[in-house]
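Asks: This is the structure I want to talk about, given as structure tokens.
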Amino acid sequence: MPPREAPTVEDAATAIETMEVRGAAKIARHAASALGGLAHRDASAGELREAADRLLATRPTAVSLRNAIEYVMGGLDDEGSSETVYARAERFVHDALRARERVGRVGGRLLQGASTVLTHCNSQAAITAIEARHATEPLDAAIVLETRPWRQGLITARQLAEAGVPVRFMVDAAMATALEEVDAVITGCDTIAANGDIVNKIGTALLSLAAQEAGVPFYVAAESFKIDPRSATGHEVPIEEREDTEVLEEPIPGVEVDNPVFDVTPADRIDQIALETGPTPPNQALSVFESIWGTKTA
Ligand code: RI2
């Protein structure tokens with residue numbers, strides 16, 4: 001990460017808030033880069049702490065953001081300096097990208113034997129896994145759900161099509177119909193709770209239920225920095241509520257809009273999580289976090 005290319009803290013915070021930069025891993029890398037850039041400009045410990053708070057307040061659900069910030073800011077502990085903060089930011093960005101490649105390979109192996117796979121929302125970890133699977137043996141199709149209200153499924157559909165994967169695009173409500181011909185579901189996630197529940201884009205919980213009913217395996221692709229040791233279950237993770245206008249452009253008098261953008265998929269509906277260390281049963285994800293990040297976070 002060349003320091004000159006690092007965004008300013010305010011630019012990074014605004015880009016994350018407005019979802020110009022989105023995706024659990026990408027927002028974590030973006031925040032780490034911004035802190036690294038600030039540290040490189042010899043910011044004081046106070047300025048760095050203020051910047052960390054500003055970045056932390058941008059999006060509440062994805063623990064990847066908090067883990068990245070805590071890891072980078074850990075450079076201030078034990079006589080650390082802004083130089084240590086910069087070095088940690090660089091290391092986080094580098095390790096996060098390497099972790100995604102590994103997650104992709106692990107996820108690709110989990111999808112072996114599946115000819116038609118289905119995904120929801122836009123997760124670079126899940127896309128990397130689908131691409132890895134397709135590279136080993138061509139898929140018949142990747143079914144991509146639209147993912148209301150932001151329609152991030154469109155980004156996924158484009159990315160997979162550009163990678164040469166045959167894509168079929170369906171509305172969210174068609175998931176049960178789609179599952180009749182799907183061999184495996186794979187999604188990303190924003191947070192994995194200590195018990196292995198995952199928090200991902202709204203609709204994932206329903207998808208996991210439909211997959212269970214249809215007897216289709218449900219996999220999650222995620223880097224270990226999306227594990228939240230402080231949330232015992234997914235229901236302790238704060239769920240972001242976004243603007244009403246994302247759902248209903250024009251208000252209707254007497255109609256209230258609720259727009260929760262994430263939901264909780266219980267651990268017992270997840271077959272395996274593809275972490276960078278290998279396929280992991282959900283209830284063992286926490287021990288992977290502790291072995292990788294336990295001593296590195298602040
Ligand atoms: P990667 C996204 O959140 C989606 O919920 C996606 O499944 C998750 O982050 C993980 O994405 P949003 O920022 O880190 O679109 O795998 O709200 O790219």
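Going through the structure tokens in order, the chains are called A, B, and so on, while each chain numbers its residues from 1 and the ligands are numbered from 1 in the order shown.
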What's the 10 Å shell around stretch 93-105 of chain A, counting only C-alpha atoms, without same-chain residues fewer than 3 positions away, as a VMD selection string?

Replies: chain A and resid 1 25 to 26 28 to 33 36 68 88 to 90 108 to 111 124 to 133 220 to 225 273 to 279

Asks: Please report as a Markdown table every residue of chain A lying within 7 Å of ligand 1, along with the nearest atom pair and their distance in Å (one decimal), using only C-alpha atoms and all ligand atoms.

Replies:
```
| residue | atom | partner | partner_atom_place_in_ligand_line | distance |
| --- | --- | --- | --- | --- |
| A:Met19 | CA | ligand 1 | 13 (O) | 6.8 |
| A:Arg22 | CA | ligand 1 | 13 (O) | 3.9 |
| A:Gly23 | CA | ligand 1 | 13 (O) | 3.5 |
| A:Ala24 | CA | ligand 1 | 14 (O) | 3.8 |
| A:Ala25 | CA | ligand 1 | 14 (O) | 3.7 |
| A:Lys26 | CA | ligand 1 | 14 (O) | 6.0 |
| A:Cys121 | CA | ligand 1 | 7 (O) | 5.5 |
| A:Asn122 | CA | ligand 1 | 6 (C) | 5.2 |
| A:Ser123 | CA | ligand 1 | 16 (O) | 3.6 |
| A:Gln124 | CA | ligand 1 | 18 (O) | 3.7 |
| A:Ala125 | CA | ligand 1 | 16 (O) | 4.0 |
| A:Ala126 | CA | ligand 1 | 16 (O) | 6.0 |
| A:Gln152 | CA | ligand 1 | 15 (O) | 6.8 |
| A:Thr187 | CA | ligand 1 | 7 (O) | 6.1 |
| A:Gly188 | CA | ligand 1 | 7 (O) | 4.1 |
| A:Cys189 | CA | ligand 1 | 7 (O) | 4.4 |
| A:Asp190 | CA | ligand 1 | 8 (C) | 4.7 |
| A:Asn200 | CA | ligand 1 | 5 (O) | 4.7 |
| A:Lys201 | CA | ligand 1 | 5 (O) | 4.1 |
| A:Ala222 | CA | ligand 1 | 16 (O) | 6.2 |
```

Asks: Kindly export the residues of the current selection with C-alpha atoms, as a short mmCIF file (atom, residue, chain, number, x, y, z; two decimals), in the first residue's frame.

Replies:
```cif
data_model
loop_
_atom_site.label_atom_id
_atom_site.label_comp_id
_atom_site.auth_asym_id
_atom_site.auth_seq_id
_atom_site.Cartn_x
_atom_site.Cartn_y
_atom_site.Cartn_z
CA MET A 19 -21.27 2.41 0.26
CA ARG A 22 -18.50 -1.74 0.33
CA GLY A 23 -18.07 -5.42 1.11
CA ALA A 24 -16.92 -6.56 4.54
CA ALA A 25 -13.30 -7.22 3.56
CA LYS A 26 -12.94 -4.14 1.38
CA CYS A 121 -25.43 -10.50 -2.60
CA ASN A 122 -21.90 -9.54 -3.61
CA SER A 123 -19.09 -11.23 -1.74
CA GLN A 124 -15.59 -11.27 -3.17
CA ALA A 125 -14.80 -14.30 -1.01
CA ALA A 126 -17.75 -16.28 -2.43
CA GLN A 152 -25.70 -6.09 -5.31
CA THR A 187 -22.41 -16.89 0.39
CA GLY A 188 -19.99 -14.53 2.02
CA CYS A 189 -20.60 -12.93 5.39
CA ASP A 190 -20.00 -9.76 7.33
CA ASN A 200 -24.91 -11.57 6.15
CA LYS A 201 -27.05 -9.55 3.72
CA ALA A 222 -14.98 -15.77 4.79
#
```

Asks: As an exercise, work out the distance from atom CA of A:Ala184 to atom CA of A:Thr116 in Å and give it to one decimal place.

Replies: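 Answer for the atom CA of A:Ala184 to atom CA of A:Thr116 separation: 7.0 Å.
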
Asks: Return the single residue from A:Ile202, A:Ala163, A:Ala45, A:Ala211 that is closest to A:Thr177, with distances computed using only C-alpha atoms.

Replies: A:Ala211

Asks: Tell me, as a count of residues only, which residues lie within 7 Å of stretch 55-61 of chain A, counting only C-alpha atoms; anything in the same chain fewer than 3 positions away does not count.

Replies: 13

Asks: For the atom pair atom CA of A:Ser44 and atom CA of A:Arg230, what is the interatomic distance in Å to one decimal place?

Replies: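 If I compute the distance from atom CA of A:Ser44 to atom CA of A:Arg230, I get 28.7 Å.
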
Asks: Using DSSP on the backbone coordinates, identify all residues within stretch 96-168 of chain A classified as strand (DSSP E or B); present the result as number ranges by chain.

Replies: A: 116-120, 141-145, 167-168

Asks: Take the residues from that selection and put them in a file with all heavy atoms, as a compact mmCIF listing (two decimals), in the first residue's frame.

Replies:
```txt
# COMPACT_ATOMS: atom_id res chain seq x y z
N THR A 116 -24.26 -26.84 -10.38
CA THR A 116 -24.99 -25.57 -10.33
C THR A 116 -24.91 -25.05 -8.90
O THR A 116 -25.28 -25.75 -7.96
CB THR A 116 -26.46 -25.78 -10.75
OG1 THR A 116 -26.46 -26.30 -12.09
CG2 THR A 116 -27.24 -24.47 -10.73
N VAL A 117 -24.38 -23.84 -8.76
CA VAL A 117 -24.26 -23.26 -7.42
C VAL A 117 -25.09 -21.98 -7.37
O VAL A 117 -25.44 -21.42 -8.41
CB VAL A 117 -22.79 -22.96 -7.06
CG1 VAL A 117 -21.95 -24.22 -7.11
CG2 VAL A 117 -22.20 -21.89 -7.97
N LEU A 118 -25.41 -21.58 -6.15
CA LEU A 118 -26.22 -20.36 -6.00
C LEU A 118 -25.55 -19.45 -4.98
O LEU A 118 -25.02 -19.91 -3.97
CB LEU A 118 -27.63 -20.74 -5.53
CG LEU A 118 -28.62 -19.59 -5.34
CD1 LEU A 118 -30.04 -20.05 -5.73
CD2 LEU A 118 -28.64 -19.09 -3.90
N THR A 119 -25.57 -18.15 -5.26
CA THR A 119 -25.04 -17.19 -4.29
C THR A 119 -25.98 -16.00 -4.13
O THR A 119 -26.87 -15.78 -4.97
CB THR A 119 -23.60 -16.75 -4.65
OG1 THR A 119 -23.04 -16.04 -3.53
CG2 THR A 119 -23.55 -15.84 -5.88
N HIS A 120 -25.76 -15.25 -3.05
CA HIS A 120 -26.62 -14.11 -2.70
C HIS A 120 -25.71 -12.92 -2.43
O HIS A 120 -24.63 -13.08 -1.89
CB HIS A 120 -27.39 -14.49 -1.42
CG HIS A 120 -28.40 -13.49 -0.98
ND1 HIS A 120 -29.46 -13.09 -1.76
CD2 HIS A 120 -28.53 -12.82 0.20
CE1 HIS A 120 -30.20 -12.22 -1.10
NE2 HIS A 120 -29.66 -12.03 0.09
N ALA A 141 -23.86 -23.69 -14.21
CA ALA A 141 -24.36 -22.32 -13.98
C ALA A 141 -24.10 -21.88 -12.55
O ALA A 141 -24.04 -22.69 -11.62
CB ALA A 141 -25.87 -22.26 -14.25
N ALA A 142 -23.93 -20.56 -12.42
CA ALA A 142 -23.98 -19.93 -11.10
C ALA A 142 -25.28 -19.12 -11.10
O ALA A 142 -25.47 -18.25 -11.95
CB ALA A 142 -22.79 -19.03 -10.88
N ILE A 143 -26.17 -19.46 -10.17
CA ILE A 143 -27.41 -18.69 -10.05
C ILE A 143 -27.15 -17.56 -9.05
O ILE A 143 -26.65 -17.81 -7.94
CB ILE A 143 -28.59 -19.58 -9.61
CG1 ILE A 143 -28.84 -20.65 -10.68
CG2 ILE A 143 -29.84 -18.74 -9.35
CD1 ILE A 143 -29.99 -21.61 -10.37
N VAL A 144 -27.44 -16.36 -9.45
CA VAL A 144 -27.18 -15.19 -8.61
C VAL A 144 -28.50 -14.53 -8.26
O VAL A 144 -29.29 -14.20 -9.15
CB VAL A 144 -26.26 -14.19 -9.36
CG1 VAL A 144 -26.03 -12.94 -8.53
CG2 VAL A 144 -24.92 -14.84 -9.71
N LEU A 145 -28.75 -14.36 -6.97
CA LEU A 145 -29.99 -13.69 -6.55
C LEU A 145 -29.79 -12.17 -6.57
O LEU A 145 -28.71 -11.67 -6.22
CB LEU A 145 -30.40 -14.16 -5.15
CG LEU A 145 -30.75 -15.65 -5.02
CD1 LEU A 145 -31.07 -16.01 -3.57
CD2 LEU A 145 -31.93 -16.04 -5.93
N VAL A 167 -23.92 -17.47 -16.04
CA VAL A 167 -24.68 -16.90 -14.92
C VAL A 167 -26.17 -16.89 -15.24
O VAL A 167 -26.57 -16.56 -16.36
CB VAL A 167 -24.21 -15.45 -14.64
CG1 VAL A 167 -25.09 -14.79 -13.58
CG2 VAL A 167 -22.76 -15.44 -14.21
N ARG A 168 -26.97 -17.26 -14.25
CA ARG A 168 -28.43 -17.04 -14.34
C ARG A 168 -28.81 -16.12 -13.18
O ARG A 168 -28.40 -16.34 -12.05
CB ARG A 168 -29.15 -18.38 -14.27
CG ARG A 168 -28.93 -19.17 -15.57
CD ARG A 168 -29.29 -20.62 -15.42
NE ARG A 168 -30.62 -20.78 -14.89
CZ ARG A 168 -31.05 -21.91 -14.32
NH1 ARG A 168 -30.26 -22.96 -14.22
NH2 ARG A 168 -32.27 -22.00 -13.85
```

Asks: Among stretch 85-271 of chain A, which ones does DSSP assign to helix (DSSP H, G or I) (computed from the backbone)? Answer as JSON, numbers by chain.

Replies: {"A": [85, 86, 87, 88, 89, 90, 91, 92, 93, 94, 95, 96, 97, 98, 99, 100, 101, 102, 103, 104, 105, 106, 107, 108, 109, 110, 124, 125, 126, 127, 128, 129, 130, 131, 132, 133, 134, 135, 136, 153, 154, 155, 156, 157, 158, 159, 160, 161, 162, 172, 173, 174, 175, 176, 177, 178, 179, 204, 205, 206, 207, 208, 209, 210, 211, 212, 213, 214, 224, 225, 226, 234, 235, 236, 244, 245, 246, 267, 268, 269]}

Asks: Kindly save the residues from that selection, with C-alpha atoms included, as a PDB file, in the first residue's frame.

Replies:
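Saved file selection06.pdb follows:
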```
ATOM      1  CA  VAL A  85       0.731   1.616  13.069  1.00  0.00           C
ATOM      2  CA  TYR A  86       1.775   2.140   9.454  1.00  0.00           C
ATOM      3  CA  ALA A  87       3.578  -1.225   9.331  1.00  0.00           C
ATOM      4  CA  ARG A  88       0.533  -2.977  10.795  1.00  0.00           C
ATOM      5  CA  ALA A  89      -1.790  -1.324   8.283  1.00  0.00           C
ATOM      6  CA  GLU A  90       0.407  -2.518   5.441  1.00  0.00           C
ATOM      7  CA  ARG A  91       0.531  -6.020   6.871  1.00  0.00           C
ATOM      8  CA  PHE A  92      -3.241  -6.142   7.366  1.00  0.00           C
ATOM      9  CA  VAL A  93      -3.966  -5.175   3.755  1.00  0.00           C
ATOM     10  CA  HIS A  94      -1.418  -7.677   2.459  1.00  0.00           C
ATOM     11  CA  ASP A  95      -2.615 -10.535   4.701  1.00  0.00           C
ATOM     12  CA  ALA A  96      -6.285  -9.797   3.957  1.00  0.00           C
ATOM     13  CA  LEU A  97      -5.742 -10.131   0.216  1.00  0.00           C
ATOM     14  CA  ARG A  98      -3.744 -13.317   0.656  1.00  0.00           C
ATOM     15  CA  ALA A  99      -6.445 -14.710   2.967  1.00  0.00           C
ATOM     16  CA  ARG A 100      -9.118 -14.101   0.318  1.00  0.00           C
ATOM     17  CA  GLU A 101      -7.167 -16.093  -2.256  1.00  0.00           C
ATOM     18  CA  ARG A 102      -6.852 -18.973   0.201  1.00  0.00           C
ATOM     19  CA  VAL A 103     -10.533 -18.778   1.117  1.00  0.00           C
ATOM     20  CA  GLY A 104     -11.289 -18.976  -2.606  1.00  0.00           C
ATOM     21  CA  ARG A 105      -9.273 -22.153  -3.005  1.00  0.00           C
ATOM     22  CA  VAL A 106     -10.839 -23.741   0.090  1.00  0.00           C
ATOM     23  CA  GLY A 107     -14.332 -22.720  -1.044  1.00  0.00           C
ATOM     24  CA  GLY A 108     -13.630 -24.010  -4.550  1.00  0.00           C
ATOM     25  CA  ARG A 109     -12.813 -27.421  -3.087  1.00  0.00           C
ATOM     26  CA  LEU A 110     -16.016 -27.403  -1.017  1.00  0.00           C
ATOM     27  CA  GLN A 124     -15.587 -11.269  -3.174  1.00  0.00           C
ATOM     28  CA  ALA A 125     -14.801 -14.302  -1.007  1.00  0.00           C
ATOM     29  CA  ALA A 126     -17.749 -16.285  -2.426  1.00  0.00           C
ATOM     30  CA  ILE A 127     -16.995 -15.102  -5.984  1.00  0.00           C
ATOM     31  CA  THR A 128     -13.355 -16.191  -5.659  1.00  0.00           C
ATOM     32  CA  ALA A 129     -14.578 -19.629  -4.518  1.00  0.00           C
ATOM     33  CA  ILE A 130     -17.026 -19.951  -7.419  1.00  0.00           C
ATOM     34  CA  GLU A 131     -14.317 -18.910  -9.878  1.00  0.00           C
ATOM     35  CA  ALA A 132     -11.891 -21.434  -8.364  1.00  0.00           C
ATOM     36  CA  ARG A 133     -14.504 -24.172  -8.722  1.00  0.00           C
ATOM     37  CA  HIS A 134     -15.205 -23.166 -12.329  1.00  0.00           C
ATOM     38  CA  ALA A 135     -11.478 -23.183 -13.150  1.00  0.00           C
ATOM     39  CA  THR A 136     -11.152 -26.808 -11.962  1.00  0.00           C
ATOM     40  CA  GLY A 153     -26.436  -9.374  -7.088  1.00  0.00           C
ATOM     41  CA  LEU A 154     -26.034  -7.388 -10.306  1.00  0.00           C
ATOM     42  CA  ILE A 155     -22.394  -6.708  -9.459  1.00  0.00           C
ATOM     43  CA  THR A 156     -21.865 -10.406  -8.751  1.00  0.00           C
ATOM     44  CA  ALA A 157     -23.581 -11.419 -11.993  1.00  0.00           C
ATOM     45  CA  ARG A 158     -21.324  -9.086 -13.972  1.00  0.00           C
ATOM     46  CA  GLN A 159     -18.157 -10.185 -12.199  1.00  0.00           C
ATOM     47  CA  LEU A 160     -18.873 -13.898 -12.695  1.00  0.00           C
ATOM     48  CA  ALA A 161     -19.905 -13.426 -16.318  1.00  0.00           C
ATOM     49  CA  GLU A 162     -16.687 -11.501 -16.992  1.00  0.00           C
ATOM     50  CA  ASP A 172     -34.798 -13.152  -4.359  1.00  0.00           C
ATOM     51  CA  ALA A 173     -38.313 -14.569  -4.102  1.00  0.00           C
ATOM     52  CA  ALA A 174     -37.387 -17.254  -6.673  1.00  0.00           C
ATOM     53  CA  MET A 175     -34.899 -18.876  -4.286  1.00  0.00           C
ATOM     54  CA  ALA A 176     -37.019 -21.939  -3.458  1.00  0.00           C
ATOM     55  CA  THR A 177     -37.645 -22.557  -7.157  1.00  0.00           C
ATOM     56  CA  ALA A 178     -33.957 -22.116  -7.941  1.00  0.00           C
ATOM     57  CA  LEU A 179     -32.940 -24.531  -5.195  1.00  0.00           C
ATOM     58  CA  THR A 204     -29.437 -15.083   3.721  1.00  0.00           C
ATOM     59  CA  ALA A 205     -31.301 -16.538   6.709  1.00  0.00           C
ATOM     60  CA  LEU A 206     -34.308 -17.363   4.524  1.00  0.00           C
ATOM     61  CA  LEU A 207     -31.992 -18.831   1.894  1.00  0.00           C
ATOM     62  CA  SER A 208     -30.365 -21.104   4.485  1.00  0.00           C
ATOM     63  CA  LEU A 209     -33.801 -22.299   5.607  1.00  0.00           C
ATOM     64  CA  ALA A 210     -34.875 -22.989   2.041  1.00  0.00           C
ATOM     65  CA  ALA A 211     -31.568 -24.790   1.370  1.00  0.00           C
ATOM     66  CA  GLN A 212     -32.039 -26.970   4.446  1.00  0.00           C
ATOM     67  CA  GLU A 213     -35.588 -27.816   3.362  1.00  0.00           C
ATOM     68  CA  ALA A 214     -34.320 -28.704  -0.120  1.00  0.00           C
ATOM     69  CA  SER A 224     -10.892 -15.147   9.691  1.00  0.00           C
ATOM     70  CA  PHE A 225     -10.968 -11.406  10.464  1.00  0.00           C
ATOM     71  CA  LYS A 226     -14.763 -11.588  10.049  1.00  0.00           C
ATOM     72  CA  GLY A 234     -25.361 -13.658  15.814  1.00  0.00           C
ATOM     73  CA  HIS A 235     -28.218 -11.966  17.657  1.00  0.00           C
ATOM     74  CA  GLU A 236     -25.711  -9.860  19.613  1.00  0.00           C
ATOM     75  CA  ASP A 244     -36.409   4.068   3.838  1.00  0.00           C
ATOM     76  CA  THR A 245     -35.937   5.397   0.300  1.00  0.00           C
ATOM     77  CA  GLU A 246     -33.790   2.373  -0.596  1.00  0.00           C
ATOM     78  CA  ALA A 267     -24.752 -22.081  12.852  1.00  0.00           C
ATOM     79  CA  ASP A 268     -26.746 -25.309  12.590  1.00  0.00           C
ATOM     80  CA  ARG A 269     -27.848 -24.410   9.068  1.00  0.00           C
TER      81      ARG A 269
END
```

Asks: Could you check the closest approach to A:Gly196 for each of A:Leu38, A:Ile252, A:Val261, A:Ala232 and tell me which residue wins, using only C-alpha atoms?

Replies: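 Closest candidate: A:Ala232.
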
Asks: What's the separation between atom CA of A:Arg41 and atom CA of A:Glu20, in Å to one decimal place?

Replies: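 Atom CA of A:Arg41 sits 24.9 Å away from atom CA of A:Glu20.
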